[in-house]
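K.L.:
Got a structure here, written out as structure tokens. Questions coming.
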Amino acid sequence: MKILGVTAILILLLASIGLAEDEDTTFVPPPVDTAIVPPPVEDTLTDAQKAMASFEERRKLFQKEMEKEPRFDLWSFYDSIMNWFTSERFNQRAQLERSWFHDAGDYFRFDPSYFIIDRQSTPLRKTVQPFGLTGDRLSFVINGMPIDPFEHVIEPDGMVDLNDIPTAPNHDIYLMPGPIGQLFGGEQAVATLVTRGQELVTTTAESAILVDKGSFAYNHVRGQYAKNFTSGREIDLSIGYRNAEGDLFAHQEDAYHYTGRVYVPVGDNRGVRAWGWLYDREGSFPVRPATGAATPQRSRVDRNASVSYEFFNDNNSVRNEVGYEMLRQASDMDHLFMARFAYTGKSLFAVREWLAGSTIIKARLDGDYLECETGPDSFDRYSGGVNLSLARNGPGWRFAVTGGAKYDEDFKWLPNGTAALFRESDRGLAMLSVGYTERAPTMHELNMPYQQTTIYAEGTDNYADQGNPNLGSEKQLTGNLMLEYGSLDNSTNLSITGGRITDGIDWQVRELGNALGEWKLFMPINGDIDFADFRLLNKLRLKDFLRLNAGGAYHYLDYENYEDKPYQPEYQLFSGLELHLYWPQKLMDLFAYGEVVYAGAYDGYDTTGLGEQVIANVKFSFRLKDFRFHFVIQNVLSTTYEPYEDYIIPGRYNYYGFTWDFLD
């Protein structure tokens, strides 16, 4: 560019010299009449204003350059399933924007089919029970990657703490009831949380920051950045940091989340894809604060990574991928009670996907090695799997099937499969899925050594837990029917989910005693479970001023080993209302949101009569372009209640913060 500029100047100089030689030098121009010729205009812009104008001009040129289409349109079976077997009708993103969320457990707050227990002030622990079921029965596919967080806590229940799920990379959020989640990579036939990052159609960068600050020195900051390049390179990065001091002494904690997705092309139709998740959590774990029980220190680590090489054929109809995955998880507790466990895993996989008209087919082959450390002992497990999936897309009825089996050296063949029908139009939606899956117990559930110690306040060895080497595999046969009539904003939705879980794996507590005292023993067992869930939701929108979402769910649960299992309410209710006003003089949107949550009666391990409390929450916010400030009051009625026995919510919790999309 500099050479071209110099050349142009030289040409102009030569031309002016030539013109000067041809002029009549005897001509004398008349004097300038200052009365009719205006004086030269002075530049009144300051240096700062000139710099700003120059910056704005460069920004517009840069923006125009960035809005080019990406070089190469990548596709995959997963992308197609996300586009054709999900719907904005059950995307939770709009609901979250109207209300708020502190963690992934809040994704489920608007659907009363999911029972949430939130010990929130530290935050200590938040669990989600699909259709009221306890145990490990919820899968997580976060931005395309299945993850399975692991932690062993005192009074174990087998469930995942939803504080351990990354939230920054999640733009679209879908709660997939029943076995249809297997199409997206979930391992359960009960329910699956599926999320997707910001879908980019141009090379314009997308980024955001979300900040929350609340009661008991709670701070949570999350940031996300995504960009596609004209070269075909893709980047999707996120970070999250959370800390809190809690409502009692020595209840503080710190947690970090890092996620990353990168695609680098190495040719016209091939490239390298990588994904990673890093998580670290340090803090305390008060068991039953109201009774003065133990508060051991906890430590959590997750290290997941995957790298693969993919290549397409010349006409972009066949996609092949080979890759390697690694896993490192650790869960430590340090007190009179010592619980130190770690998983180390390695996996090789190969995938082939191809297009056949409107049908997409996927074949996958896996080989895995997993090692489990349970304190002084170490155990390993070799396994492998094969899976074949087929989906027919397009308008009208769509269907998909997936089937396969996993081979475990101790439990042999563990089959799985599901079939799904899906149809959506402007007038409604219909979705039906039936499926089966069989899963082996974890090595932690099988081999955890027996330990008895003092946890509760009485001063004797009153708590124990251990694994169960006699556990068998769990078989889940389930189905779901979802029907919705109406538009996206004004509709009625009915969802029915149920089935039978044979030899279901659940943690059982037994009261034991001898001449030296009494204690509780927690141990995993097998037992049959029949369940059914009926959920009805209604949405109403009055122009852009009012939005209402209300519904309820009834849970039917029949356990072989329990007459009344702890922490399982029979029914739940939810109602949320948002008001919106636009302030044209200030170009500002004003919002007010309120919700009411109610759960029926349920019992703890010792305490009866929990639940049956009306919990009301409100939020006030305003939005100015890409900036939105919010102020949240949880439990606005200052109701004293116990979501978990001997963990008392004393009253209101206040939060404030903002969301800023600053590079869009």
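We name chains A, B, ... following the order of the structure tokens; residues begin at 1 in each chain, and ligands are numbered from 1 as shown.
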Pick out the residues sitting within 10 Å of Arg196 (chain A), and hand them over as number ranges by chain; count only C-alpha atoms, and ignore anything fewer than 3 positions along from it in its own chain.

P.N.:
A: 79, 82, 141-145, 169-174, 199

K.L.:
So which bits of region 94-262 of chain A end up helix (DSSP H, G or I) when you DSSP the backbone, as a PyMOL selection string?

P.N.:
chain A and resi 94-98+104-108+162-164+178-184

K.L.:
For Gln452 (chain A), work out the shell of residues within 12 Å, counting only C-alpha atoms and skipping chain neighbours fewer than 4 positions away, then give it as a list in words.

P.N.:
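My reading of the contact set: Ile154, Leu336, Phe337, Met338, Ala339, Tyr456, Thr460, Asp461, Asn462, Tyr463, Ala464, Asp465, Gln466, Leu512, Glu518, Trp519, Lys520, Leu521 and Phe522 of chain A.
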
K.L.:
Residues of the last selection are to be written out with N, CA and C atoms, as an mmCIF file, in the first residue's frame.

P.N.:
```cif
data_model
loop_
_atom_site.group_PDB
_atom_site.id
_atom_site.type_symbol
_atom_site.label_atom_id
_atom_site.label_comp_id
_atom_site.auth_asym_id
_atom_site.auth_seq_id
_atom_site.Cartn_x
_atom_site.Cartn_y
_atom_site.Cartn_z
ATOM 1 N N ILE A 154 -20.559 -36.637 52.054
ATOM 2 C CA ILE A 154 -21.146 -37.275 53.224
ATOM 3 C C ILE A 154 -22.658 -37.294 53.058
ATOM 4 N N LEU A 336 -12.064 -35.869 60.307
ATOM 5 C CA LEU A 336 -12.078 -37.189 60.942
ATOM 6 C C LEU A 336 -12.516 -38.240 59.924
ATOM 7 N N PHE A 337 -13.344 -37.768 58.951
ATOM 8 C CA PHE A 337 -13.769 -38.620 57.845
ATOM 9 C C PHE A 337 -12.850 -38.349 56.664
ATOM 10 N N MET A 338 -12.210 -39.395 56.125
ATOM 11 C CA MET A 338 -11.304 -39.241 54.996
ATOM 12 C C MET A 338 -11.919 -39.917 53.781
ATOM 13 N N ALA A 339 -12.146 -39.170 52.720
ATOM 14 C CA ALA A 339 -12.713 -39.726 51.495
ATOM 15 C C ALA A 339 -11.915 -39.189 50.320
ATOM 16 N N TYR A 456 -21.857 -36.572 63.063
ATOM 17 C CA TYR A 456 -22.900 -35.819 63.745
ATOM 18 C C TYR A 456 -22.386 -35.366 65.110
ATOM 19 N N THR A 460 -19.908 -39.792 69.182
ATOM 20 C CA THR A 460 -19.523 -41.192 68.982
ATOM 21 C C THR A 460 -19.398 -41.455 67.483
ATOM 22 N N ASP A 461 -18.878 -42.626 67.140
ATOM 23 C CA ASP A 461 -18.773 -42.987 65.725
ATOM 24 C C ASP A 461 -20.176 -43.279 65.197
ATOM 25 N N ASN A 462 -20.805 -42.256 64.626
ATOM 26 C CA ASN A 462 -22.227 -42.349 64.303
ATOM 27 C C ASN A 462 -22.532 -42.300 62.814
ATOM 28 N N TYR A 463 -21.503 -42.375 61.961
ATOM 29 C CA TYR A 463 -21.717 -42.339 60.520
ATOM 30 C C TYR A 463 -20.774 -43.329 59.847
ATOM 31 N N ALA A 464 -21.275 -44.007 58.805
ATOM 32 C CA ALA A 464 -20.444 -44.921 58.021
ATOM 33 C C ALA A 464 -20.969 -44.975 56.600
ATOM 34 N N ASP A 465 -20.077 -45.226 55.654
ATOM 35 C CA ASP A 465 -20.505 -45.539 54.291
ATOM 36 C C ASP A 465 -19.520 -46.516 53.672
ATOM 37 N N GLN A 466 -19.977 -47.197 52.623
ATOM 38 C CA GLN A 466 -19.145 -48.191 51.955
ATOM 39 C C GLN A 466 -19.752 -48.536 50.607
ATOM 40 N N LEU A 512 -28.167 -48.579 62.287
ATOM 41 C CA LEU A 512 -27.524 -49.735 62.915
ATOM 42 C C LEU A 512 -27.135 -49.388 64.343
ATOM 43 N N GLU A 518 -25.102 -46.168 68.241
ATOM 44 C CA GLU A 518 -25.891 -46.263 67.022
ATOM 45 C C GLU A 518 -25.229 -45.435 65.926
ATOM 46 N N TRP A 519 -25.440 -45.862 64.691
ATOM 47 C CA TRP A 519 -24.885 -45.120 63.576
ATOM 48 C C TRP A 519 -25.713 -45.353 62.310
ATOM 49 N N LYS A 520 -25.519 -44.447 61.331
ATOM 50 C CA LYS A 520 -26.162 -44.550 60.026
ATOM 51 C C LYS A 520 -25.156 -45.120 59.036
ATOM 52 N N LEU A 521 -25.597 -46.099 58.241
ATOM 53 C CA LEU A 521 -24.762 -46.691 57.202
ATOM 54 C C LEU A 521 -25.372 -46.374 55.838
ATOM 55 N N PHE A 522 -24.600 -45.697 54.975
ATOM 56 C CA PHE A 522 -25.014 -45.404 53.606
ATOM 57 C C PHE A 522 -24.290 -46.372 52.667
#
```

K.L.:
Contacts between region 474-493 of chain A and region 436-460 of chain A, please, where a residue of region 436-460 of chain A counts if it comes within 7 Å (with only C-alpha atoms); show its shortest atom pair and distance in Å to one decimal, rows by chain and ascending number, as a Markdown table.

P.N.:
```
| residue | atom | partner | partner_atom | distance |
| --- | --- | --- | --- | --- |
| A:Tyr436 | CA | A:Leu477 | CA | 4.6 |
| A:Thr437 | CA | A:Gln476 | CA | 5.3 |
| A:Glu438 | CA | A:Lys475 | CA | 4.4 |
| A:Arg439 | CA | A:Glu474 | CA | 5.4 |
| A:Ala440 | CA | A:Glu474 | CA | 6.4 |
```

K.L.:
Go ahead and write the selection's residues with C-alpha atoms as a JSON list (two decimals), in the first residue's frame.

P.N.:
```
[["chain", "number", "residue", "atom", "x", "y", "z"],
["A", 436, "TYR", "CA", -33.72, -48.67, 26.79],
["A", 437, "THR", "CA", -30.28, -48.47, 28.29],
["A", 438, "GLU", "CA", -28.24, -50.62, 30.62],
["A", 439, "ARG", "CA", -25.36, -49.22, 32.65],
["A", 440, "ALA", "CA", -22.79, -50.73, 34.97]]
```

K.L.:
Go through A:Thr202, A:Gln508, A:Ser87, A:Gln634 one by one, measure the shortest atom-to-atom distance of each to Pro156 (chain A) using only C-alpha atoms, and give the residue with the smallest value.

P.N.:
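Checking each of A:Thr202, A:Gln508, A:Ser87, A:Gln634 against Pro156 (chain A), counting only C-alpha atoms, the winner is A:Gln508.
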
K.L.:
Please return as a PyMOL selection string: the residues of region 520-584 of chain A that backbone DSSP assigns to strand (DSSP E).

P.N.:
chain A and resi 520-542+546-559+571-583

K.L.:
Can you tell me how far CA of Leu663 (chain A) sits from CA of Ala208 (chain A), in Å to one decimal?

P.N.:
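Value for the CA of Leu663 (chain A)-CA of Ala208 (chain A) distance: 7.2 Å.
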
K.L.:
Neighbouring residues of region 559-570 of chain A were defined as those with any atom within 10 Å, considering only C-alpha atoms; residues of the same chain fewer than 2 positions away were excluded. Please report them as a VMD selection string.

P.N.:
chain A and resid 115 to 117 129 131 to 134 501 to 504 506 508 to 509 525 to 531 533 553 to 557 572 599 to 608 610 to 612 643 to 645

K.L.:
Could you write those residues out with C-alpha atoms, as a PDB file, in the first residue's frame?

P.N.:
```pdb
ATOM      1  CA  PHE A 115     -37.247 -31.363  41.900  1.00  0.00           C
ATOM      2  CA  ILE A 116     -34.424 -29.040  43.011  1.00  0.00           C
ATOM      3  CA  ILE A 117     -32.750 -28.985  46.418  1.00  0.00           C
ATOM      4  CA  GLN A 129     -34.074 -35.006  40.547  1.00  0.00           C
ATOM      5  CA  PHE A 131     -39.416 -36.675  37.860  1.00  0.00           C
ATOM      6  CA  GLY A 132     -38.560 -36.907  41.563  1.00  0.00           C
ATOM      7  CA  LEU A 133     -36.057 -39.759  41.094  1.00  0.00           C
ATOM      8  CA  THR A 134     -32.866 -39.748  43.134  1.00  0.00           C
ATOM      9  CA  ILE A 501     -35.966 -49.172  36.187  1.00  0.00           C
ATOM     10  CA  THR A 502     -34.914 -52.734  36.944  1.00  0.00           C
ATOM     11  CA  ASP A 503     -32.135 -53.220  39.512  1.00  0.00           C
ATOM     12  CA  GLY A 504     -31.915 -49.460  39.921  1.00  0.00           C
ATOM     13  CA  ASP A 506     -29.663 -46.064  44.773  1.00  0.00           C
ATOM     14  CA  GLN A 508     -29.750 -46.617  50.992  1.00  0.00           C
ATOM     15  CA  VAL A 509     -29.388 -45.462  54.599  1.00  0.00           C
ATOM     16  CA  ILE A 525     -28.127 -51.228  46.555  1.00  0.00           C
ATOM     17  CA  ASN A 526     -30.139 -52.587  43.613  1.00  0.00           C
ATOM     18  CA  GLY A 527     -33.929 -52.336  43.534  1.00  0.00           C
ATOM     19  CA  ASP A 528     -36.770 -52.055  41.028  1.00  0.00           C
ATOM     20  CA  ILE A 529     -38.503 -48.704  40.486  1.00  0.00           C
ATOM     21  CA  ASP A 530     -41.740 -47.887  38.661  1.00  0.00           C
ATOM     22  CA  PHE A 531     -42.300 -44.205  37.972  1.00  0.00           C
ATOM     23  CA  ASP A 533     -44.650 -38.075  35.770  1.00  0.00           C
ATOM     24  CA  ALA A 553     -46.361 -31.756  37.935  1.00  0.00           C
ATOM     25  CA  TYR A 554     -47.365 -34.948  39.721  1.00  0.00           C
ATOM     26  CA  HIS A 555     -44.729 -37.620  40.463  1.00  0.00           C
ATOM     27  CA  TYR A 556     -45.689 -41.268  40.950  1.00  0.00           C
ATOM     28  CA  LEU A 557     -42.866 -43.353  42.455  1.00  0.00           C
ATOM     29  CA  GLN A 572     -44.817 -29.393  42.504  1.00  0.00           C
ATOM     30  CA  ALA A 599     -43.279 -28.365  46.535  1.00  0.00           C
ATOM     31  CA  GLY A 600     -45.467 -30.861  48.336  1.00  0.00           C
ATOM     32  CA  ALA A 601     -44.502 -32.533  51.586  1.00  0.00           C
ATOM     33  CA  TYR A 602     -41.404 -34.740  51.756  1.00  0.00           C
ATOM     34  CA  ASP A 603     -39.154 -36.173  54.455  1.00  0.00           C
ATOM     35  CA  GLY A 604     -35.439 -36.207  55.120  1.00  0.00           C
ATOM     36  CA  TYR A 605     -33.483 -39.047  56.658  1.00  0.00           C
ATOM     37  CA  ASP A 606     -34.577 -38.012  60.171  1.00  0.00           C
ATOM     38  CA  THR A 607     -36.811 -34.959  59.763  1.00  0.00           C
ATOM     39  CA  THR A 608     -40.410 -35.237  58.537  1.00  0.00           C
ATOM     40  CA  LEU A 610     -40.301 -30.737  54.865  1.00  0.00           C
ATOM     41  CA  GLY A 611     -41.647 -28.851  51.881  1.00  0.00           C
ATOM     42  CA  GLU A 612     -45.166 -27.368  51.767  1.00  0.00           C
ATOM     43  CA  PRO A 643     -34.852 -27.553  51.655  1.00  0.00           C
ATOM     44  CA  TYR A 644     -32.561 -30.185  53.172  1.00  0.00           C
ATOM     45  CA  GLU A 645     -32.887 -31.328  56.766  1.00  0.00           C
TER      46      GLU A 645
END
```

K.L.:
Please provide the set of residues having any atom within 12 Å of Lys625 (chain A), restricted to only C-alpha atoms, with same-chain residues fewer than 2 positions apart removed, written as JSON, numbers by chain.

P.N.:
{"A": [586, 587, 588, 589, 622, 623, 627, 628, 629, 659, 660, 661, 662, 664]}

K.L.:
Take the residues from that selection and write them out as a JSON list (two decimals), in the first residue's frame, keeping N, CA and C atoms.

P.N.:
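Result file out33.json:
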```
[["chain", "number", "residue", "atom", "x", "y", "z"],
["A", 586, "LYS", "N", -35.36, 7.59, 27.15],
["A", 586, "LYS", "CA", -34.02, 7.13, 27.55],
["A", 586, "LYS", "C", -33.54, 5.92, 26.75],
["A", 587, "LEU", "N", -34.36, 5.48, 25.76],
["A", 587, "LEU", "CA", -34.02, 4.29, 24.97],
["A", 587, "LEU", "C", -33.71, 3.10, 25.89],
["A", 588, "MET", "N", -34.57, 2.91, 26.88],
["A", 588, "MET", "CA", -34.32, 1.93, 27.93],
["A", 588, "MET", "C", -35.52, 1.01, 28.09],
["A", 589, "ASP", "N", -35.24, -0.30, 28.32],
["A", 589, "ASP", "CA", -36.27, -1.28, 28.64],
["A", 589, "ASP", "C", -36.27, -1.53, 30.14],
["A", 622, "PHE", "N", -33.10, -3.38, 34.16],
["A", 622, "PHE", "CA", -33.25, -2.49, 33.02],
["A", 622, "PHE", "C", -32.19, -2.84, 31.99],
["A", 623, "ARG", "N", -32.53, -2.59, 30.72],
["A", 623, "ARG", "CA", -31.61, -2.91, 29.62],
["A", 623, "ARG", "C", -31.39, -1.66, 28.78],
["A", 627, "PHE", "N", -26.35, -3.82, 27.42],
["A", 627, "PHE", "CA", -26.06, -3.87, 28.86],
["A", 627, "PHE", "C", -27.37, -4.06, 29.61],
["A", 628, "ARG", "N", -27.37, -5.02, 30.57],
["A", 628, "ARG", "CA", -28.56, -5.25, 31.38],
["A", 628, "ARG", "C", -28.16, -5.41, 32.83],
["A", 629, "PHE", "N", -28.72, -4.56, 33.68],
["A", 629, "PHE", "CA", -28.48, -4.60, 35.12],
["A", 629, "PHE", "C", -29.67, -5.28, 35.80],
["A", 659, "THR", "N", -25.32, -8.11, 32.93],
["A", 659, "THR", "CA", -24.93, -8.88, 31.76],
["A", 659, "THR", "C", -24.54, -7.89, 30.67],
["A", 660, "TRP", "N", -23.42, -8.13, 30.02],
["A", 660, "TRP", "CA", -22.92, -7.21, 28.99],
["A", 660, "TRP", "C", -22.42, -8.01, 27.80],
["A", 661, "ASP", "N", -23.09, -7.85, 26.66],
["A", 661, "ASP", "CA", -22.61, -8.40, 25.39],
["A", 661, "ASP", "C", -21.78, -7.32, 24.71],
["A", 662, "PHE", "N", -20.48, -7.39, 24.88],
["A", 662, "PHE", "CA", -19.65, -6.24, 24.52],
["A", 662, "PHE", "C", -18.88, -6.39, 23.22],
["A", 664, "ASP", "N", -20.30, -7.67, 19.78],
["A", 664, "ASP", "CA", -21.25, -8.32, 18.87],
["A", 664, "ASP", "C", -21.50, -7.45, 17.65]]
```

K.L.:
Given only C-alpha atoms as the basis, pick out the residue of A:Ala420, A:Ala205, A:Leu414, A:Met448 nearest to Gly375 (chain A).

P.N.:
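The closest residue to Gly375 (chain A) is A:Met448.
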
K.L.:
Which is closest to Gly576 (chain A) among A:Ala51, A:Val264, A:Leu96, A:Met431, if we use only C-alpha atoms?

P.N.:
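Nearest to Gly576 (chain A): A:Leu96.
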
K.L.:
Quick one: residues within 12 Å of region 324-329 of chain A, only C-alpha atoms, excluding same-chain residues fewer than 2 positions away - as a PyMOL selection string?

P.N.:
chain A and resi 145-152+272-281+299-309+321-322+331-332+340-351+365-373

K.L.:
For the residues selected in the previous step, produce a file with N, CA and C atoms as a compact mmCIF listing (two decimals), in the first residue's frame.

P.N.:
```
# COMPACT_ATOMS: atom_id res chain seq x y z
N MET A 145 -20.36 -31.78 24.17
CA MET A 145 -19.50 -32.77 24.80
C MET A 145 -20.18 -33.38 26.03
N PRO A 146 -20.34 -34.71 26.08
CA PRO A 146 -20.87 -35.33 27.29
C PRO A 146 -19.88 -35.21 28.44
N ILE A 147 -20.37 -34.80 29.62
CA ILE A 147 -19.52 -34.75 30.80
C ILE A 147 -20.23 -35.46 31.95
N ASP A 148 -19.46 -35.96 32.89
CA ASP A 148 -20.01 -36.73 34.01
C ASP A 148 -19.23 -36.37 35.27
N PRO A 149 -19.55 -35.23 35.90
CA PRO A 149 -18.82 -34.83 37.12
C PRO A 149 -18.97 -35.88 38.22
N PHE A 150 -17.92 -36.01 39.02
CA PHE A 150 -17.93 -37.00 40.10
C PHE A 150 -17.49 -36.34 41.41
N GLU A 151 -18.26 -36.62 42.46
CA GLU A 151 -17.87 -36.21 43.81
C GLU A 151 -18.52 -37.15 44.80
N HIS A 152 -17.78 -37.53 45.82
CA HIS A 152 -18.37 -38.31 46.91
C HIS A 152 -18.54 -37.38 48.11
N VAL A 272 -8.38 -30.19 12.46
CA VAL A 272 -8.17 -30.71 13.81
C VAL A 272 -9.15 -30.01 14.74
N ARG A 273 -9.83 -30.82 15.56
CA ARG A 273 -10.81 -30.30 16.49
C ARG A 273 -10.38 -30.67 17.91
N ALA A 274 -10.52 -29.72 18.84
CA ALA A 274 -10.13 -29.95 20.23
C ALA A 274 -11.17 -29.36 21.16
N TRP A 275 -11.37 -30.02 22.29
CA TRP A 275 -12.32 -29.55 23.31
C TRP A 275 -11.71 -29.84 24.67
N GLY A 276 -11.94 -28.94 25.64
CA GLY A 276 -11.40 -29.16 26.97
C GLY A 276 -12.24 -28.49 28.03
N TRP A 277 -12.21 -29.07 29.23
CA TRP A 277 -12.92 -28.52 30.39
C TRP A 277 -12.03 -28.70 31.61
N LEU A 278 -11.75 -27.60 32.31
CA LEU A 278 -10.96 -27.61 33.53
C LEU A 278 -11.81 -27.06 34.66
N TYR A 279 -11.83 -27.75 35.80
CA TYR A 279 -12.65 -27.32 36.92
C TYR A 279 -11.90 -27.60 38.21
N ASP A 280 -11.96 -26.62 39.11
CA ASP A 280 -11.29 -26.75 40.40
C ASP A 280 -12.17 -26.11 41.46
N ARG A 281 -12.41 -26.82 42.55
CA ARG A 281 -13.28 -26.31 43.60
C ARG A 281 -12.67 -26.64 44.95
N SER A 299 -12.45 -30.88 48.21
CA SER A 299 -11.65 -30.52 47.05
C SER A 299 -12.17 -31.29 45.85
N ARG A 300 -12.40 -30.57 44.74
CA ARG A 300 -12.92 -31.18 43.52
C ARG A 300 -12.06 -30.79 42.34
N VAL A 301 -11.76 -31.75 41.49
CA VAL A 301 -10.97 -31.48 40.29
C VAL A 301 -11.60 -32.26 39.13
N ASP A 302 -11.75 -31.59 38.00
CA ASP A 302 -12.14 -32.24 36.74
C ASP A 302 -11.22 -31.76 35.64
N ARG A 303 -10.69 -32.70 34.88
CA ARG A 303 -9.84 -32.41 33.73
C ARG A 303 -10.31 -33.30 32.58
N ASN A 304 -11.04 -32.74 31.64
CA ASN A 304 -11.50 -33.47 30.47
C ASN A 304 -10.92 -32.83 29.22
N ALA A 305 -10.47 -33.63 28.28
CA ALA A 305 -9.94 -33.09 27.03
C ALA A 305 -10.15 -34.09 25.91
N SER A 306 -10.35 -33.56 24.72
CA SER A 306 -10.54 -34.40 23.54
C SER A 306 -9.88 -33.71 22.35
N VAL A 307 -9.16 -34.47 21.54
CA VAL A 307 -8.57 -33.94 20.32
C VAL A 307 -8.82 -34.96 19.21
N SER A 308 -9.19 -34.48 18.04
CA SER A 308 -9.52 -35.39 16.94
C SER A 308 -9.14 -34.79 15.61
N TYR A 309 -8.99 -35.66 14.63
CA TYR A 309 -8.71 -35.27 13.25
C TYR A 309 -9.91 -35.67 12.41
N GLU A 321 -13.93 -39.06 11.46
CA GLU A 321 -13.24 -38.46 12.59
C GLU A 321 -12.58 -39.57 13.42
N VAL A 322 -11.35 -39.34 13.82
CA VAL A 322 -10.66 -40.23 14.75
C VAL A 322 -10.06 -39.34 15.84
N SER A 331 -11.94 -36.34 43.98
CA SER A 331 -12.85 -35.85 45.01
C SER A 331 -12.25 -36.20 46.36
N ASP A 332 -11.89 -35.16 47.12
CA ASP A 332 -11.25 -35.36 48.42
C ASP A 332 -12.07 -34.70 49.52
N ARG A 340 -11.06 -40.01 49.77
CA ARG A 340 -10.19 -39.59 48.68
C ARG A 340 -10.33 -40.57 47.52
N PHE A 341 -10.89 -40.07 46.43
CA PHE A 341 -11.14 -40.91 45.26
C PHE A 341 -10.66 -40.18 44.02
N ALA A 342 -10.26 -40.95 43.01
CA ALA A 342 -9.79 -40.35 41.76
C ALA A 342 -10.06 -41.31 40.61
N TYR A 343 -10.42 -40.73 39.46
CA TYR A 343 -10.59 -41.48 38.23
C TYR A 343 -9.61 -40.96 37.19
N THR A 344 -8.98 -41.88 36.46
CA THR A 344 -8.11 -41.54 35.34
C THR A 344 -8.56 -42.38 34.15
N GLY A 345 -8.91 -41.72 33.05
CA GLY A 345 -9.43 -42.44 31.90
C GLY A 345 -8.76 -42.04 30.60
N LYS A 346 -8.70 -43.00 29.69
CA LYS A 346 -8.17 -42.78 28.35
C LYS A 346 -9.08 -43.49 27.36
N SER A 347 -9.29 -42.85 26.21
CA SER A 347 -10.24 -43.41 25.25
C SER A 347 -9.81 -43.09 23.83
N LEU A 348 -10.00 -44.05 22.94
CA LEU A 348 -9.83 -43.85 21.50
C LEU A 348 -11.19 -44.02 20.83
N PHE A 349 -11.47 -43.21 19.81
CA PHE A 349 -12.77 -43.34 19.15
C PHE A 349 -12.61 -43.05 17.66
N ALA A 350 -13.53 -43.62 16.89
CA ALA A 350 -13.61 -43.40 15.45
C ALA A 350 -15.07 -43.20 15.07
N VAL A 351 -15.32 -42.21 14.22
CA VAL A 351 -16.69 -41.86 13.82
C VAL A 351 -16.74 -41.73 12.30
N LEU A 365 -17.29 -46.02 17.10
CA LEU A 365 -16.60 -47.12 17.77
C LEU A 365 -15.70 -46.53 18.85
N ASP A 366 -15.77 -47.08 20.08
CA ASP A 366 -14.99 -46.57 21.21
C ASP A 366 -14.20 -47.70 21.86
N GLY A 367 -13.06 -47.34 22.42
CA GLY A 367 -12.30 -48.22 23.31
C GLY A 367 -11.81 -47.42 24.50
N ASP A 368 -12.08 -47.91 25.73
CA ASP A 368 -11.83 -47.11 26.94
C ASP A 368 -11.03 -47.90 27.97
N TYR A 369 -10.21 -47.15 28.69
CA TYR A 369 -9.54 -47.67 29.87
C TYR A 369 -9.76 -46.69 31.01
N LEU A 370 -10.24 -47.18 32.15
CA LEU A 370 -10.56 -46.33 33.29
C LEU A 370 -9.98 -46.93 34.56
N GLU A 371 -9.28 -46.10 35.32
CA GLU A 371 -8.67 -46.52 36.58
C GLU A 371 -9.29 -45.72 37.71
N CYS A 372 -9.62 -46.39 38.80
CA CYS A 372 -10.22 -45.76 39.96
C CYS A 372 -9.35 -45.99 41.19
N GLU A 373 -9.01 -44.91 41.88
CA GLU A 373 -8.26 -44.99 43.13
C GLU A 373 -9.22 -44.73 44.28
```

K.L.:
Closest to Arg298 (chain A) among A:Glu595, A:Ala391, A:Phe311, A:Leu124, using only C-alpha atoms?

P.N.:
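Ranking A:Glu595, A:Ala391, A:Phe311, A:Leu124 by distance to Arg298 (chain A), first place goes to A:Leu124.
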
K.L.:
Of the residues A:Asn468, A:Ser433, A:Asn654, A:Ser284, which is the one nearest to Ala217 (chain A), using only C-alpha atoms?

P.N.:
A:Asn654

K.L.:
In Å, with one decimal, what is the gap from CA of Pro166 (chain A) to CA of Tyr218 (chain A)?

P.N.:
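Rounded to one decimal, the two atoms are 17.3 Å apart.
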
K.L.:
Quick one: of A:Pro376, A:Gly435, A:Pro179, A:Gly417, who's nearest to Leu388 (chain A), counting only C-alpha atoms?

P.N.:
A:Gly417
